[in-house]
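*Asks:* Below is one structure. I have some questions about it.
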Amino acid sequence: MKNKLRKFVKWLLIVVACLFVIAQFKRPARTNPAFDQSMAIESTMQLDPKVAAIFDRSCMDCHSNKTRWPWYTNVAPVSWFIIDHVRFGRNHMNLSEWGTYSPSERKALLDEICKMVSGDFMPLSSYTPLHSGSKLSDADKKLMCEWSNAERARIP
């Protein structure tokens, strides 16, 4: 009985290893599309340096065209998960293309920024363990909400 179990486990490990190797050939593209810097949030809004630093360390990898792709984004199936998150984040709100949003879209996104950070929905809990410093403190959340509320008030 033990020999059958060992043989089964051995073959299972071989199949899993083969599937892992085969999966490495199916990689979606890790992209950082070109963009017009004059359309980026830092060019179109009044961005306090502290707020800019929070965006840089906690938001830009998923919500801009300036994603930093760490080594593990080359390894499937992790790469599939991360690239999908980046694609979703950019589609929802792209800070590199902020200037293309209408005033009403900007107001809605600024409101959502405050709600997401104050509700601990952003940055994602799956993001923060691998990106030191990305977790927002209470002071960071307060600053982001104060900034987003002030910017929303400036939009006609």
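Letters A, B, ... go to the chains of the structure tokens in the order shown; residues in each chain start at 1; ligands are counted from 1 in the same order.
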Would you please extract all alpha helix (DSSP H) residues from stretch 13-114 of chain A, as assigned by DSSP on the backbone, and give them as JSON, numbers by chain?
*Replies:* {"A": [13, 14, 15, 16, 17, 18, 19, 20, 21, 22, 23, 41, 42, 43, 44, 49, 50, 51, 52, 53, 54, 55, 56, 57, 58, 60, 61, 62, 63, 78, 79, 80, 81, 82, 83, 84, 85, 86, 87, 88, 89, 90, 91, 92, 103, 104, 105, 106, 107, 108, 109, 110, 111, 112, 113, 114]}
*Asks:* Would you mind listing what lies within 9 Å of A:Thr44 as a short mmCIF file (atom, residue, chain, number, x, y, z; two decimals) with N, CA and C atoms, in the first residue's frame, with only C-alpha atoms counted and same-chain residues fewer than 6 positions away left out?
*Replies:*
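Resulting contents of out.cif:
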data_model
loop_
_atom_site.label_atom_id
_atom_site.label_comp_id
_atom_site.auth_asym_id
_atom_site.auth_seq_id
_atom_site.Cartn_x
_atom_site.Cartn_y
_atom_site.Cartn_z
N SER A 38 1.68 65.25 -19.81
CA SER A 38 0.83 66.40 -19.48
C SER A 38 -0.58 65.95 -19.06
N TRP A 98 -5.10 60.81 -16.22
CA TRP A 98 -6.06 61.59 -15.43
C TRP A 98 -6.65 62.74 -16.23
N GLY A 99 -5.86 63.38 -17.04
CA GLY A 99 -6.31 64.53 -17.82
C GLY A 99 -7.34 64.19 -18.88
#
*Asks:* Could you give me, as CSV, a per-residue list for stretch 41-131 of chain A showing, wherever an atom lies at most 7 Å from an atom of stretch 151-156 of chain A, the closest pair of atoms and their distance in Å to one decimal, using only C-alpha atoms and sorting by chain then residue number from low to high?
*Replies:*
residue,atom,partner,partner_atom,distance
A:Pro103,CA,A:Ile155,CA,6.4
A:Lys107,CA,A:Arg152,CA,5.3
A:Leu110,CA,A:Arg152,CA,6.3
*Asks:* So that I can see what lies close to A:Lys135, please list as number ranges by chain the residues with an atom at most 9 Å from it, counting only C-alpha atoms and leaving out residues fewer than 2 positions away in the same chain.
*Replies:* A: 57-58, 122-125, 127-129, 131-133, 137
*Asks:* May I have the residues within 10 Å of A:Gly119 as a list in words, using only C-alpha atoms and disregarding those fewer than 5 positions away in the same chain?
*Replies:* Ile113, Cys114 and Lys141 of chain A
*Asks:* Those residues you just picked out, can you put them in a file as a PDB file, in the first residue's frame with N, CA and C atoms?
*Replies:*
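Printed below is part_28.pdb as written:
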ATOM      1  N   ILE A 113     -11.428  57.546  -4.244  1.00  0.00           N
ATOM      2  CA  ILE A 113     -10.101  57.414  -3.632  1.00  0.00           C
ATOM      3  C   ILE A 113     -10.232  57.490  -2.117  1.00  0.00           C
ATOM      4  N   CYS A 114     -10.941  58.497  -1.633  1.00  0.00           N
ATOM      5  CA  CYS A 114     -11.124  58.653  -0.190  1.00  0.00           C
ATOM      6  C   CYS A 114     -11.852  57.450   0.405  1.00  0.00           C
ATOM      7  N   LYS A 141      -4.157  57.940   5.253  1.00  0.00           N
ATOM      8  CA  LYS A 141      -5.567  57.891   4.826  1.00  0.00           C
ATOM      9  C   LYS A 141      -6.219  59.258   5.010  1.00  0.00           C
TER      10      LYS A 141
END
*Asks:* Hey, what's within 12 Å of A:Cys62 if we count only C-alpha atoms and toss same-chain stuff fewer than 6 positions away? As a list in words, please?
*Replies:*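 Listing them by chain and then by number gives Arg30, Thr31, Asn32, Phe55, Asp56, Arg68, Trp69, Ile82, Ile83, Asp84, His85, Val86, Arg87, Phe88, Gly89, Arg90, Asn91, His92, Met93, Asn94, Leu95, Ser96, Met122, Pro123, Leu124 and Tyr127 of chain A.
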*Asks:* Please, could you write that set of residues out with N, CA and C atoms as a compact mmCIF listing (two decimals), in the first residue's frame?
*Replies:*
# COMPACT_ATOMS: atom_id res chain seq x y z
N ARG A 30 3.46 42.08 -20.00
CA ARG A 30 3.62 43.07 -18.93
C ARG A 30 3.90 44.39 -19.64
N THR A 31 2.94 45.27 -19.63
CA THR A 31 3.08 46.49 -20.41
C THR A 31 3.12 47.74 -19.54
N ASN A 32 3.76 48.73 -20.07
CA ASN A 32 3.71 50.09 -19.55
C ASN A 32 3.48 50.97 -20.77
N PHE A 55 0.87 58.11 -3.48
CA PHE A 55 0.49 57.56 -4.78
C PHE A 55 1.62 56.68 -5.33
N ASP A 56 2.84 57.18 -5.25
CA ASP A 56 3.98 56.46 -5.81
C ASP A 56 4.19 55.11 -5.14
N ARG A 68 5.93 49.11 -11.85
CA ARG A 68 7.23 48.45 -11.61
C ARG A 68 6.93 46.96 -11.57
N TRP A 69 7.56 46.21 -12.45
CA TRP A 69 7.30 44.77 -12.58
C TRP A 69 8.40 43.99 -11.86
N ILE A 82 -1.20 38.89 -11.23
CA ILE A 82 -0.74 40.27 -11.08
C ILE A 82 -1.08 41.09 -12.32
N ILE A 83 -0.83 40.55 -13.50
CA ILE A 83 -1.12 41.29 -14.73
C ILE A 83 -2.61 41.57 -14.86
N ASP A 84 -3.44 40.63 -14.43
CA ASP A 84 -4.88 40.86 -14.44
C ASP A 84 -5.27 41.98 -13.47
N HIS A 85 -4.64 42.02 -12.30
CA HIS A 85 -4.92 43.09 -11.33
C HIS A 85 -4.51 44.45 -11.88
N VAL A 86 -3.36 44.50 -12.54
CA VAL A 86 -2.89 45.77 -13.11
C VAL A 86 -3.84 46.22 -14.22
N ARG A 87 -4.24 45.29 -15.07
CA ARG A 87 -5.16 45.63 -16.16
C ARG A 87 -6.49 46.16 -15.59
N PHE A 88 -7.01 45.50 -14.57
CA PHE A 88 -8.25 45.94 -13.94
C PHE A 88 -8.07 47.31 -13.29
N GLY A 89 -6.96 47.49 -12.57
CA GLY A 89 -6.70 48.77 -11.90
C GLY A 89 -6.60 49.93 -12.88
N ARG A 90 -5.88 49.70 -13.98
CA ARG A 90 -5.75 50.77 -14.99
C ARG A 90 -7.09 51.07 -15.65
N ASN A 91 -7.87 50.05 -15.91
CA ASN A 91 -9.18 50.28 -16.53
C ASN A 91 -10.11 51.05 -15.60
N HIS A 92 -9.99 50.82 -14.32
CA HIS A 92 -10.87 51.50 -13.37
C HIS A 92 -10.45 52.95 -13.13
N MET A 93 -9.14 53.16 -12.96
CA MET A 93 -8.62 54.51 -12.74
C MET A 93 -7.15 54.51 -13.13
N ASN A 94 -6.81 55.33 -14.10
CA ASN A 94 -5.42 55.39 -14.55
C ASN A 94 -4.88 56.79 -14.27
N LEU A 95 -3.98 56.87 -13.31
CA LEU A 95 -3.42 58.16 -12.91
C LEU A 95 -2.54 58.77 -13.99
N SER A 96 -2.05 57.95 -14.92
CA SER A 96 -1.25 58.46 -16.04
C SER A 96 -2.13 59.12 -17.10
N MET A 122 -8.07 49.77 -0.38
CA MET A 122 -6.88 50.04 -1.19
C MET A 122 -5.78 50.54 -0.29
N PRO A 123 -4.54 50.18 -0.57
CA PRO A 123 -4.15 49.18 -1.55
C PRO A 123 -4.63 47.79 -1.13
N LEU A 124 -4.73 46.90 -2.11
CA LEU A 124 -5.22 45.56 -1.85
C LEU A 124 -4.37 44.84 -0.81
N TYR A 127 -1.49 43.01 -2.12
CA TYR A 127 -0.38 43.84 -2.63
C TYR A 127 0.61 44.22 -1.52
*Asks:* For A:Asp36, please output as number ranges by chain all residues within 9 Å (counting only C-alpha atoms; exclusion window: fewer than 3 positions along the same chain).
*Replies:* A: 39-40, 96-97
*Asks:* Would you mind exporting the chosen residues as a PDB file, in the first residue's frame, restricted to C-alpha atoms?
*Replies:*
ATOM      1  CA  MET A  39      -2.227  64.156 -18.896  1.00  0.00           C
ATOM      2  CA  ALA A  40      -0.838  62.541 -15.720  1.00  0.00           C
ATOM      3  CA  SER A  96      -1.253  58.462 -16.044  1.00  0.00           C
ATOM      4  CA  GLU A  97      -4.350  59.393 -18.049  1.00  0.00           C
TER       5      GLU A  97
END
*Asks:* Quick one: of A:Ser126, A:Ser118, A:Ser43, A:Ser79, who's nearest to A:Asp138, counting only C-alpha atoms?
*Replies:*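 Answer, going by the shortest atom-to-atom distance: A:Ser118.
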*Asks:* With only C-alpha atoms as the basis for distance, which of A:Leu12, A:Ser148, A:Cys59, A:Pro49 is at the shortest distance from A:Ser134?
*Replies:*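 Closest candidate: A:Cys59.
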*Asks:* Between A:Lys2, A:Lys50, A:Arg27, A:His63, which residue has the minimum interatomic distance to A:Ala139, considering only C-alpha atoms?
*Replies:*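 Answer, going by the shortest atom-to-atom distance: A:Lys50.
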*Asks:* Atom CA of A:Thr100 and atom CA of A:Pro33 are how many Å apart?
*Replies:*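 According to the coordinates, atom CA of A:Thr100 and atom CA of A:Pro33 are separated by 15.0 Å.
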*Asks:* Could you check the closest approach to A:Ile41 for each of A:Met60, A:Ala29, A:Val78, A:Leu136 and tell me which residue wins, using only C-alpha atoms?
*Replies:*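 Among the listed residues, A:Met60 lies closest to A:Ile41.
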*Asks:* Using only C-alpha atoms for the distances, tell me which of A:Val15, A:Asn149, A:Gln37, A:Asp140 is nearest to A:Ile54.
*Replies:*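 The shortest atom-to-atom distance to A:Ile54 comes from A:Asp140.
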